$ cat run.txt   # compact mmCIF, C-alpha atoms
# COMPACT_ATOMS: atom_id res chain seq x y z
CA MET H 871 -18.05 -19.31 12.02
CA SER H 872 -14.49 -20.08 10.87
CA LEU H 873 -11.13 -18.66 9.85
CA VAL H 874 -8.81 -20.18 7.23
CA LEU H 875 -5.26 -18.79 7.23
CA PHE H 876 -2.64 -19.31 4.51
CA GLU H 877 0.85 -18.38 5.70
CA GLY H 878 3.91 -18.20 3.46
CA ALA H 879 6.75 -16.12 2.05
CA ALA H 880 6.43 -13.57 -0.75
CA GLY H 881 5.45 -15.16 -4.04
CA THR H 882 4.23 -18.46 -2.58
CA GLY H 883 0.70 -17.94 -3.85
CA LYS H 884 -1.15 -16.75 -0.75
CA THR H 885 -3.58 -14.71 -2.83
CA THR H 886 -4.01 -17.57 -5.30
CA GLN H 887 -4.85 -19.94 -2.45
CA LEU H 888 -7.17 -17.29 -1.02
CA PHE H 889 -9.13 -17.26 -4.29
CA ALA H 890 -9.16 -21.05 -4.69
CA SER H 891 -10.46 -21.52 -1.15
CA ALA H 892 -13.12 -18.85 -1.76
CA ARG H 893 -14.30 -20.55 -4.96
CA LEU H 894 -14.61 -23.90 -3.15
CA HIS H 895 -16.56 -22.28 -0.31
CA LEU H 896 -18.94 -20.59 -2.75
CA GLN H 897 -19.67 -23.94 -4.43
CA ASP H 898 -21.05 -25.22 -1.14
CA TYR H 899 -22.50 -21.93 0.14
CA ALA H 900 -23.72 -19.92 -2.84
CA LEU H 901 -24.51 -16.25 -2.36
CA THR H 902 -28.13 -15.15 -2.35
CA ASP H 903 -29.59 -12.06 -4.03
CA GLY H 904 -27.97 -8.90 -2.71
CA GLN H 905 -25.05 -10.67 -1.06
CA LYS H 906 -21.41 -10.02 -1.92
CA VAL H 907 -17.97 -11.23 -0.96
CA LEU H 908 -16.13 -8.67 1.17
CA ALA H 909 -12.39 -8.35 0.47
CA LEU H 910 -10.30 -6.38 2.97
CA THR H 911 -6.70 -5.24 2.97
CA LYS H 912 -4.82 -2.41 4.66
CA TYR H 913 -3.20 -0.40 1.87
CA HIS H 914 -4.75 1.14 -1.22
CA GLY H 915 -2.08 -0.35 -3.49
CA SER H 916 -3.00 -3.80 -2.20
CA ARG H 917 -6.71 -3.02 -2.59
CA LYS H 918 -6.30 -2.00 -6.23
CA ARG H 919 -4.40 -5.16 -7.12
CA LEU H 920 -6.88 -7.29 -5.17
CA THR H 921 -9.82 -5.65 -6.96
CA ALA H 922 -8.26 -6.22 -10.37
CA ARG H 923 -7.64 -9.90 -9.65
CA LEU H 924 -10.99 -10.57 -7.98
CA THR H 925 -12.95 -9.09 -10.90
CA GLY H 926 -10.67 -10.48 -13.63
CA PRO H 927 -10.99 -13.71 -15.60
CA ASP H 928 -9.21 -15.65 -12.84
CA GLY H 929 -11.32 -14.15 -10.08
CA ILE H 930 -13.82 -15.93 -7.86
CA GLY H 931 -16.86 -15.53 -10.12
CA ALA H 932 -19.00 -13.72 -7.55
CA PRO H 933 -19.97 -10.12 -6.73
CA VAL H 934 -17.22 -8.50 -4.66
CA SER H 935 -16.84 -5.37 -2.58
CA CYS H 936 -13.13 -4.63 -2.05
CA MET H 937 -12.16 -2.08 0.61
CA THR H 938 -9.33 -1.01 2.83
CA ILE H 939 -10.01 -1.88 6.45
CA ASP H 940 -10.34 1.76 7.51
CA SER H 941 -12.83 2.42 4.66
CA PHE H 942 -14.90 -0.55 5.80
CA ALA H 943 -14.76 0.72 9.38
CA SER H 944 -15.87 4.21 8.29
CA MET H 945 -18.79 2.69 6.34
CA LEU H 946 -19.84 0.64 9.35
CA VAL H 947 -19.69 3.59 11.76
CA HIS H 948 -21.66 5.78 9.36
CA ARG H 949 -24.30 3.07 8.82
CA TRP H 950 -24.71 2.52 12.58
CA ARG H 951 -24.07 6.07 13.76
CA GLY H 952 -27.08 5.96 16.14
CA LEU H 953 -25.61 2.95 17.93
CA VAL H 954 -22.21 4.64 17.96
CA GLN H 955 -23.72 7.59 19.79
CA HIS H 956 -25.60 5.25 22.14
CA PHE H 957 -22.28 3.73 23.27
CA GLY H 958 -20.72 7.19 23.60
CA LEU H 959 -17.93 6.42 21.12
CA ALA H 960 -18.18 9.34 18.67
CA PRO H 961 -14.73 9.00 17.03
CA LYS H 962 -13.36 12.07 15.29
CA GLN H 963 -13.74 11.92 11.53
CA VAL H 964 -9.99 11.92 10.82
CA ASP H 965 -9.08 9.50 13.62
CA PHE H 966 -9.03 6.22 11.69
CA GLN H 967 -7.84 4.11 14.63
CA ALA H 968 -10.70 5.36 16.83
CA THR H 969 -13.15 4.79 13.96
CA THR H 970 -11.89 1.22 13.48
CA SER H 971 -12.14 0.55 17.22
CA ALA H 972 -15.72 1.88 17.20
CA ALA H 973 -16.53 -0.39 14.25
CA ALA H 974 -15.15 -3.37 16.18
CA CYS H 975 -17.43 -2.49 19.09
CA LEU H 976 -20.42 -2.33 16.73
CA LEU H 977 -19.62 -5.80 15.41
CA ARG H 978 -19.56 -7.17 18.94
CA GLU H 979 -22.82 -5.43 19.84
CA GLY H 980 -25.05 -6.61 17.00
CA ALA H 981 -23.76 -5.27 13.69
CA GLY H 982 -21.91 -8.53 13.03
CA SER H 983 -25.16 -10.33 12.14
CA TRP H 984 -26.07 -7.56 9.69
CA ILE H 985 -22.65 -7.78 8.05
CA ALA H 986 -22.98 -11.57 7.78
CA SER H 987 -26.31 -11.22 5.96
CA SER H 988 -24.66 -8.91 3.39
CA PHE H 989 -21.12 -10.35 3.30
CA PRO H 990 -21.15 -13.99 4.43
CA LEU H 991 -17.64 -14.55 3.03
CA VAL H 992 -14.75 -12.23 3.94
CA LEU H 993 -11.26 -12.34 2.38
CA VAL H 994 -8.33 -10.64 4.14
CA ASP H 995 -5.13 -10.16 2.15
CA GLU H 996 -1.80 -9.16 3.77
CA MET H 997 -3.28 -9.71 7.21
CA GLN H 998 0.14 -9.34 8.87
CA ASP H 999 -0.17 -5.55 8.38
CA CYS H 1000 -3.15 -5.34 10.75
CA GLN H 1001 -2.54 -3.96 14.22
CA GLY H 1002 -4.49 -2.90 17.30
CA ALA H 1003 -8.02 -1.81 16.40
CA GLU H 1004 -7.79 -3.53 13.01
CA ILE H 1005 -7.35 -6.88 14.75
CA GLU H 1006 -10.26 -6.00 17.05
CA LEU H 1007 -12.36 -5.49 13.92
CA LEU H 1008 -11.32 -8.85 12.43
CA ALA H 1009 -12.01 -10.54 15.75
CA GLY H 1010 -15.47 -8.96 15.74
CA LEU H 1011 -16.13 -10.26 12.21
CA GLU H 1012 -14.81 -13.79 12.68
CA PRO H 1013 -17.69 -15.26 14.76
CA HIS H 1014 -20.27 -14.19 12.14
CA VAL H 1015 -18.68 -14.90 8.73
CA HIS H 1016 -16.46 -17.39 6.94
CA CYS H 1017 -13.09 -15.63 6.81
CA ILE H 1018 -10.14 -16.60 4.58
CA ALA H 1019 -6.83 -14.78 5.11
CA GLY H 1020 -3.28 -14.68 3.82
CA ALA H 1021 -0.28 -13.49 5.84
CA ASP H 1022 3.49 -13.61 6.32
CA THR H 1023 5.19 -12.55 9.55
CA PHE H 1024 8.38 -11.45 7.77
CA GLN H 1025 6.44 -9.02 5.60
CA ASP H 1026 5.34 -7.11 8.69
CA LEU H 1027 7.48 -4.00 8.27
CA THR H 1028 7.32 -3.00 11.94
CA GLY H 1029 10.10 -5.52 12.59
CA ASN H 1030 8.24 -7.20 15.45
CA LEU H 1031 9.41 -10.78 15.92
CA GLU H 1032 5.90 -11.85 16.93
CA ASN H 1033 3.13 -10.58 14.67
CA GLU H 1034 0.00 -9.58 16.57
CA ALA H 1035 -2.46 -10.43 13.79
CA ILE H 1036 -1.00 -13.87 13.07
CA THR H 1037 -0.82 -14.67 16.78
CA TRP H 1038 -4.54 -13.89 17.06
CA ALA H 1039 -5.35 -15.92 13.92
CA CYS H 1040 -3.41 -18.94 15.18
CA GLY H 1041 -5.48 -18.80 18.34
CA VAL H 1042 -8.71 -19.39 16.41
CA SER H 1043 -7.43 -21.54 13.51
CA THR H 1044 -4.60 -23.76 12.32
CA PRO H 1045 -2.61 -22.02 9.54
CA THR H 1046 -1.85 -23.75 6.26
CA PRO H 1047 1.86 -23.23 5.43
CA LEU H 1048 2.91 -22.39 1.85
CA THR H 1049 6.55 -23.01 0.95
CA LYS H 1050 7.02 -23.05 -2.84
CA VAL H 1051 7.78 -19.69 -4.52
CA TYR H 1052 5.91 -19.19 -7.81
CA ARG H 1053 6.61 -15.52 -8.56
CA THR H 1054 10.11 -16.10 -9.89
CA ARG H 1055 12.45 -18.90 -10.91
CA GLN H 1056 15.55 -16.69 -10.94
CA SER H 1057 18.09 -18.30 -8.61
CA GLY H 1058 19.65 -14.95 -7.66
CA LEU H 1059 16.31 -13.55 -6.51
CA LEU H 1060 15.37 -16.72 -4.65
CA ASN H 1061 18.72 -16.94 -2.85
CA ALA H 1062 18.74 -13.24 -1.90
CA ALA H 1063 15.20 -13.44 -0.51
CA LEU H 1064 16.01 -16.55 1.52
CA ALA H 1065 19.22 -15.01 2.90
CA LEU H 1066 17.30 -11.97 4.14
CA ARG H 1067 14.60 -14.11 5.78
CA VAL H 1068 17.06 -16.29 7.71
CA GLY H 1069 19.52 -13.51 8.56
CA GLU H 1070 22.40 -14.62 6.34
CA GLY H 1071 24.61 -12.35 4.26
CA LEU H 1072 23.72 -11.55 0.67
CA CYS H 1073 25.95 -12.99 -2.03
CA LEU H 1074 27.68 -9.96 -3.53
CA ASP H 1075 28.51 -11.75 -6.77
CA ARG H 1076 26.12 -11.24 -9.65
CA ALA H 1077 23.60 -14.07 -9.92
CA PRO H 1078 20.69 -14.69 -12.32
CA GLY H 1079 18.04 -12.08 -11.57
CA PHE H 1080 19.85 -10.30 -8.73
CA ASP H 1081 22.69 -7.80 -8.44
CA ILE H 1082 23.85 -5.36 -5.79
CA MET H 1083 26.27 -2.45 -6.11
CA SER H 1084 27.58 0.48 -4.08
CA ALA H 1085 27.37 4.01 -5.50
CA PRO H 1086 29.42 6.83 -3.95
CA ALA H 1087 27.54 9.47 -5.98
CA ALA H 1088 24.10 10.05 -7.47
CA SER H 1089 25.54 10.27 -10.98
CA MET H 1090 26.89 6.69 -10.84
CA ALA H 1091 23.58 5.40 -9.50
CA GLY H 1092 21.62 7.35 -12.09
CA ALA H 1093 23.75 6.10 -14.99
CA ASN H 1094 23.28 2.48 -13.90
CA ILE H 1095 19.53 2.99 -13.60
CA ASN H 1096 19.34 4.44 -17.11
CA TRP H 1097 21.17 1.46 -18.60
CA LYS H 1098 18.93 -0.96 -16.69
CA ILE H 1099 15.78 0.83 -17.82
CA LYS H 1100 16.95 0.64 -21.42
CA SER H 1101 17.87 -3.03 -21.08
CA TRP H 1102 14.93 -4.23 -18.98
CA GLY H 1103 12.22 -2.03 -20.48
CA ARG H 1104 11.35 -4.55 -23.17
CA TYR H 1105 10.41 -7.15 -20.54
CA GLY H 1106 7.64 -5.11 -18.90
CA GLN H 1107 7.12 -2.78 -15.97
CA ILE H 1108 10.08 -1.45 -13.98
CA ALA H 1109 9.70 -0.16 -10.42
CA VAL H 1110 12.22 2.06 -8.64
CA ILE H 1111 11.65 1.40 -4.93
CA SER H 1112 13.07 3.15 -1.87
CA PRO H 1113 12.62 2.36 1.84
CA THR H 1114 12.17 6.09 2.52
CA THR H 1115 10.06 8.78 0.94
CA ARG H 1116 11.98 10.92 -1.53
CA GLN H 1117 11.65 14.02 0.71
CA ARG H 1118 13.65 12.30 3.46
CA SER H 1119 16.61 11.31 1.32
CA PRO H 1120 18.77 13.74 -0.70
CA PHE H 1121 20.32 10.69 -2.38
CA VAL H 1122 16.96 9.47 -3.68
CA VAL H 1123 16.04 12.99 -4.82
CA ASN H 1124 19.34 13.51 -6.61
CA VAL H 1125 19.33 10.09 -8.28
CA THR H 1126 15.79 10.40 -9.64
CA ARG H 1127 16.56 13.93 -10.83
CA TRP H 1128 19.72 12.72 -12.58
CA VAL H 1129 17.79 9.90 -14.28
CA GLY H 1130 15.20 12.39 -15.53
CA GLU H 1131 17.64 15.02 -16.77
CA ASN H 1132 20.69 13.14 -18.05
CA ALA H 1133 21.64 10.46 -20.52
CA ALA H 1134 24.13 7.74 -19.65
CA LYS H 1135 26.78 7.29 -22.33
CA THR H 1136 29.31 4.66 -23.25
CA SER H 1137 32.98 5.62 -22.95
CA ARG H 1138 33.08 6.47 -26.66
CA GLY H 1139 29.68 8.14 -26.60
CA THR H 1140 28.37 5.87 -29.34
CA GLU H 1141 25.38 4.69 -27.33
CA THR H 1142 23.17 6.45 -24.80
CA ALA H 1143 20.42 5.56 -22.33
CA GLY H 1144 17.89 8.08 -21.05
CA PRO H 1145 16.89 10.47 -19.76
CA TYR H 1146 13.86 8.72 -18.27
CA ARG H 1147 11.14 10.43 -16.29
CA LEU H 1148 10.28 8.77 -12.96
CA ASP H 1149 6.97 9.90 -11.43
CA TRP H 1150 6.70 9.15 -7.73
CA GLU H 1151 3.43 7.85 -6.39
CA SER H 1152 2.15 10.04 -3.58
CA GLY H 1153 0.58 8.64 -0.43
CA ASP H 1154 -2.74 9.81 0.97
CA GLU H 1155 -1.20 11.92 3.73
CA GLU H 1156 1.24 13.57 1.32
CA ALA H 1157 -1.54 14.40 -1.16
CA ALA H 1158 -3.82 15.71 1.60
CA GLU H 1159 -1.06 17.93 3.00
CA ALA H 1160 -0.44 19.34 -0.47
CA TYR H 1161 -4.12 20.25 -0.83
CA GLU H 1162 -4.21 21.82 2.64
CA ALA H 1163 -1.15 23.89 1.78
CA ALA H 1164 -2.79 25.02 -1.47
CA LEU H 1165 -5.87 26.11 0.51
CA ASP H 1166 -3.61 27.81 3.10
CA LEU H 1167 -5.66 26.34 5.95
CA ASP H 1168 -2.86 26.68 8.53
CA ASN H 1169 -2.81 30.46 8.09
CA ARG H 1170 -6.55 30.91 8.52
CA GLY H 1171 -6.46 30.60 12.29
CA GLY H 1172 -8.36 27.32 12.50
CA GLY H 1173 -11.72 29.11 12.56
CA PRO H 1174 -14.75 28.63 10.31
CA VAL H 1175 -14.42 29.38 6.61
CA SER H 1176 -17.12 30.99 4.49
CA CYS H 1177 -18.68 28.54 2.02
CA ILE H 1178 -18.51 31.19 -0.73
CA GLU H 1179 -14.82 31.79 -0.02
CA LEU H 1180 -14.12 28.05 0.13
CA GLN H 1181 -15.73 27.57 -3.29
CA SER H 1182 -13.42 30.19 -4.74
CA ILE H 1183 -10.17 28.95 -3.20
CA ALA H 1184 -11.05 25.32 -4.01
CA ILE H 1185 -11.40 26.25 -7.69
CA ASP H 1186 -8.08 28.12 -7.57
CA ALA H 1187 -6.43 25.07 -5.94
CA GLY H 1188 -7.85 22.73 -8.59
CA ILE H 1189 -9.98 20.72 -6.13
CA ARG H 1190 -13.32 20.63 -7.92
CA GLU H 1191 -14.75 18.04 -5.53
CA LEU H 1192 -14.22 20.41 -2.59
CA GLU H 1193 -15.89 23.23 -4.49
CA GLU H 1194 -18.92 20.97 -5.11
CA TRP H 1195 -18.95 19.92 -1.45
CA SER H 1196 -18.93 23.54 -0.31
CA ARG H 1197 -21.74 24.34 -2.75
CA ARG H 1198 -23.83 21.50 -1.29
CA GLN H 1199 -23.22 22.73 2.26
CA ARG H 1200 -24.49 26.14 1.24
CA PHE H 1201 -27.51 25.33 -0.92
CA LEU H 1202 -28.66 21.95 0.43
CA LYS H 1203 -27.92 22.41 4.12
CA GLY H 1204 -28.25 26.19 4.38
CA ARG H 1205 -24.82 26.69 5.94
CA GLU H 1206 -22.84 29.88 5.55
CA THR H 1207 -19.58 28.59 7.07
CA VAL H 1208 -17.81 25.27 7.64
CA ALA H 1209 -15.22 24.39 10.27
CA ALA H 1210 -11.58 23.91 9.27
CA GLU H 1211 -11.70 20.39 10.76
CA GLU H 1212 -14.57 19.51 8.44
CA ILE H 1213 -12.60 20.80 5.46
CA ARG H 1214 -9.58 18.68 6.42
CA TYR H 1215 -11.76 15.61 6.76
CA GLU H 1216 -13.38 16.21 3.36
CA ILE H 1217 -9.93 16.66 1.78
CA HIS H 1218 -8.89 13.25 3.15
CA GLN H 1219 -12.08 11.75 1.75
CA ILE H 1220 -11.43 13.31 -1.67
CA VAL H 1221 -7.89 11.93 -1.71
CA ARG H 1222 -9.15 8.48 -0.75
CA ARG H 1223 -11.93 8.52 -3.39
CA ARG H 1224 -9.50 9.64 -6.08
CA ARG H 1225 -7.21 6.76 -5.23
CA VAL H 1226 -10.07 4.25 -5.06
CA PHE H 1227 -11.52 5.17 -8.44
CA ALA H 1228 -8.31 6.06 -10.24
CA ASP H 1229 -7.60 4.14 -13.41
CA SER H 1230 -4.70 1.72 -13.32
CA ARG H 1231 -1.59 3.45 -14.54
CA SER H 1232 -0.29 2.38 -17.92
CA ASP H 1233 3.23 3.63 -17.28
CA ARG H 1234 6.00 1.08 -17.61
CA ARG H 1235 8.15 2.89 -15.01
CA PHE H 1236 7.09 3.44 -11.41
CA ALA H 1237 8.81 5.14 -8.47
CA LEU H 1238 7.43 4.38 -5.04
CA THR H 1239 8.22 3.43 -1.44
CA VAL H 1240 8.41 -0.10 -0.08
CA HIS H 1241 5.09 0.41 1.71
CA GLN H 1242 3.42 1.53 -1.51
CA ALA H 1243 4.85 -1.48 -3.37
CA LYS H 1244 3.46 -4.05 -0.92
CA ASN H 1245 1.40 -6.82 -2.52
CA ARG H 1246 2.38 -5.66 -6.02
CA GLU H 1247 4.71 -7.24 -8.54
CA PHE H 1248 6.79 -5.97 -11.46
CA GLU H 1249 8.96 -7.61 -14.05
CA SER H 1250 12.02 -5.68 -12.81
CA VAL H 1251 12.87 -3.74 -9.65
CA ILE H 1252 15.60 -1.22 -8.87
CA VAL H 1253 16.05 -0.57 -5.14
CA LEU H 1254 17.59 2.74 -4.02
CA TRP H 1255 19.08 2.18 -0.56
CA PRO H 1256 20.03 5.57 0.98
CA LEU H 1257 22.58 6.23 3.70
CA GLN H 1258 20.11 7.20 6.41
CA ILE H 1259 17.34 4.71 7.14
CA ARG H 1260 15.48 5.14 10.41
CA SER H 1261 15.06 1.50 11.37
CA ASP H 1262 16.93 -1.27 13.13
CA PRO H 1263 18.69 -4.14 11.26
CA GLU H 1264 15.65 -6.42 11.57
CA GLN H 1265 13.36 -3.83 9.98
CA GLN H 1266 15.96 -3.10 7.31
CA ARG H 1267 16.10 -6.77 6.32
CA ARG H 1268 12.33 -6.83 6.02
CA LEU H 1269 12.26 -3.61 4.00
CA LEU H 1270 14.89 -4.92 1.60
CA TYR H 1271 13.13 -8.29 1.39
CA ASN H 1272 9.79 -6.67 0.55
CA ALA H 1273 11.48 -4.53 -2.12
CA ILE H 1274 13.35 -7.22 -4.02
CA THR H 1275 10.54 -9.78 -3.82
CA ARG H 1276 8.34 -7.50 -5.91
CA ALA H 1277 10.46 -8.58 -8.91
CA LYS H 1278 9.62 -11.47 -11.21
CA LEU H 1279 12.72 -11.30 -13.45
CA ASN H 1280 15.37 -8.81 -12.28
CA ALA H 1281 16.34 -6.85 -9.17
CA LEU H 1282 19.21 -4.41 -8.73
CA VAL H 1283 20.01 -2.91 -5.33
CA ILE H 1284 21.97 0.37 -5.46
CA VAL H 1285 23.45 1.32 -2.08
CA GLU H 1286 24.50 4.89 -1.31
CA ASP H 1287 28.06 4.26 -0.18
CA PRO H 1288 30.42 7.29 -0.10
CA LYS H 1289 33.17 5.33 1.70
CA ARG H 1290 32.49 2.05 -0.12
CA ASN H 1291 32.16 0.05 3.09
CA ARG H 1292 28.41 -0.43 3.56
CA LEU H 1293 28.09 -3.77 1.83
CA GLY H 1294 30.03 -5.27 4.73
CA ALA H 1295 27.42 -4.17 7.26
CA PRO H 1296 23.75 -5.03 8.01
CA PRO H 1297 21.35 -5.65 6.38
CA PHE H 1298 23.67 -6.98 3.68
CA THR H 1299 25.69 -9.24 6.02

$ encode --input "run.txt" --output "structure tokens"
Amino acid sequence: MSLVLFEGAAGTGKTTQLFASARLHLQDYALTDGQKVLALTKYHGSRKRLTARLTGPDGIGAPVSCMTIDSFASMLVHRWRGLVQHFGLAPKQVDFQATTSAAACLLREGAGSWIASSFPLVLVDEMQDCQGAEIELLAGLEPHVHCIAGADTFQDLTGNLENEAITWACGVSTPTPLTKVYRTRQSGLLNAALALRVGEGLCLDRAPGFDIMSAPAASMAGANINWKIKSWGRYGQIAVISPTTRQRSPFVVNVTRWVGENAAKTSRGTETAGPYRLDWESGDEEAAEAYEAALDLDNRGGGPVSCIELQSIAIDAGIRELEEWSRRQRFLKGRETVAAEEIRYEIHQIVRRRRVFADSRSDRRFALTVHQAKNREFESVIVLWPLQIRSDPEQQRRLLYNAITRAKLNALVIVEDPKRNRLGAPPFT
């Protein structure tokens, strides 16, 4: 059929153009009864924001099914499981790459026409995040549906100079470039973002909307965060973003703990800020590992587990969905035991369902990683940049770019800097 690609920097309105193009397409090719628009993206954070916008007052005015790409692939493989077995694919339940590759094969071998009859219009947001089997899946969809996508090479956090997904898309379409930034008008934010994209040094002088500072200790960083939260809180949501998970950085752990336990004070002690609680968003893998640890699966030898025993330990671990699943296995399917691998798969499914159907958080303060913040926006952003970051300078520039461009009004970058010499090194120069 066709592929329309909008390519541009953060905040240039890729998603807005995605919606506008979809509305125009639907005027000429209206959906029939039972049809929906399929919206795909890679991360759950992106999916939640996409769902909210698609179904909101400024949406596309049509029924929508919004999924992550791996959820769509799992649905396709389950729906066509007989054909999957016919081709001898049989991907393991927890192997999402193999499942996505199997789904791509199904699209090439006949399922594409079925998808087109149900989802004639497909939207793909943040397409630059797609790799390998995910691109195979998009390539399998493209001949059967009208596909509209948004992407930006520099927001690919792998650091690859040539993005695989965009290279494929350019081979089947001519991208429409977007150049004007709409998310913010703050000159400091705009200049910092541009400097990171073109490889120039950041201006270390304070500018409207952007500031950067070095912090030799967690207490200094924490005090600055508390004052910023107090000052910026009246403008809207504040996100504390780190390029690493909190478990991998003692600096991030210590700073967030200081913010939650201490109050910053003026020199005379006449005014205070904080303490402020910062709740970190957990990723799917982290949540699944926590549930597995609570069930003590690793110490059960990897063998089958009694359904009666699983019901009991699931209740003790606070996983009611797993208790219900075990009950169904016992009474509806007549099973006495279930394999540990099945339990792990069901835990992953529970985590995914909880994230899919979770209510939008009303908190005004978030703490999350750069990957979790992708395709989201906040009034103000505080970036914690720890000493140890396992990436090369190109990846670091992209990580920092993705962090600060989440902000609409203010961004502060706090760099762990015991020797006060890091601001003279990449990615800041």

$ atom_distance --input "run.txt" --atom1 "atom CA of Leu1074 of chain H" --atom2 "atom CA of Arg1290 of chain H"
13.4 Å

$ closest_residue --input "run.txt" --among "H:His1218, H:Arg1138, H:Arg1267, H:Lys1289" --to "Ala1062 of chain H" --atoms "all atoms listed in the file"
H:Arg1267

$ closest_residue --input "run.txt" --among "H:Arg949, H:Ala1035, H:Cys1017, H:Pro1288" --to "Met1090 of chain H" --atoms "only C-alpha atoms"
H:Pro1288

$ residues_around --input "run.txt" --residues "segment 1155-1165 of chain H" --least-positions-apart "3" --cutoff "9 Å" --atoms "all atoms listed in the file" --output "PyMOL selection string"
chain H and resi 1152+1168+1180+1183-1184+1186-1189+1213-1214+1217-1218+1220-1221

$ atom_distance --input "run.txt" --atom1 "atom CA of Lys912 of chain H" --atom2 "atom CA of Cys1000 of chain H"
7.0 Å

$ closest_residue --input "run.txt" --among "H:Ser1119, H:Leu1059, H:Ala1143, H:Ala1133" --to "Val1283 of chain H" --atoms "all atoms listed in the file"
H:Leu1059

$ closest_residue --input "run.txt" --among "H:Ala880, H:Leu1148, H:Val1240, H:Leu873" --to "His1016 of chain H" --atoms "all atoms listed in the file"
H:Leu873

$ closest_residue --input "run.txt" --among "H:Thr1299, H:Asn1124, H:Gln1056, H:Gln1242" --to "Pro1256 of chain H" --atoms "only C-alpha atoms"
H:Asn1124

$ atom_distance --input "run.txt" --atom1 "atom CA of Pro1174 of chain H" --atom2 "atom CA of Asp965 of chain H"
20.2 Å

$ residues_near_point --input "run.txt" --point "(26.5, -10.2, -3.4)" --cutoff "10 Å" --atoms "only C-alpha atoms" --output "NGL selection string"
:H and (1058 or 1062 or 1071-1077 or 1080-1083 or 1283 or 1293 or 1298-1299)

$ residues_around --input "run.txt" --residues "Ala1091 of chain H" --least-positions-apart "4" --cutoff "8 Å" --atoms "only C-alpha atoms" --output "JSON list (two decimals) with C-alpha atoms, keeping the file's coordinate frame"
[["chain", "number", "residue", "atom", "x", "y", "z"],
["H", 1085, "ALA", "CA", 27.37, 4.01, -5.50],
["H", 1087, "ALA", "CA", 27.54, 9.47, -5.98],
["H", 1095, "ILE", "CA", 19.53, 2.99, -13.60],
["H", 1125, "VAL", "CA", 19.33, 10.09, -8.28],
["H", 1284, "ILE", "CA", 21.97, 0.37, -5.46]]

$ closest_residue --input "run.txt" --among "H:Ala1065, H:Val1285, H:Ala890, H:Leu1254" --to "Val1110 of chain H" --atoms "only C-alpha atoms"
H:Leu1254

$ residues_around --input "run.txt" --residues "Tyr1052 of chain H" --least-positions-apart "2" --cutoff "7 Å" --atoms "only C-alpha atoms" --output "list of chain:residue names"
H:Gly881, H:Thr882, H:Gly883, H:Lys1050, H:Thr1054

$ residues_around --input "run.txt" --residues "Gln905 of chain H" --least-positions-apart "6" --cutoff "8 Å" --atoms "all atoms listed in the file" --output "list in words"
Pro933, Ser987, Ser988, Phe989 and Pro990 of chain H

$ residues_around --input "run.txt" --residues "Asn1132 of chain H" --least-positions-apart "4" --cutoff "7 Å" --atoms "only C-alpha atoms" --output "ChimeraX atom specification"
/H:1128,1144-1145
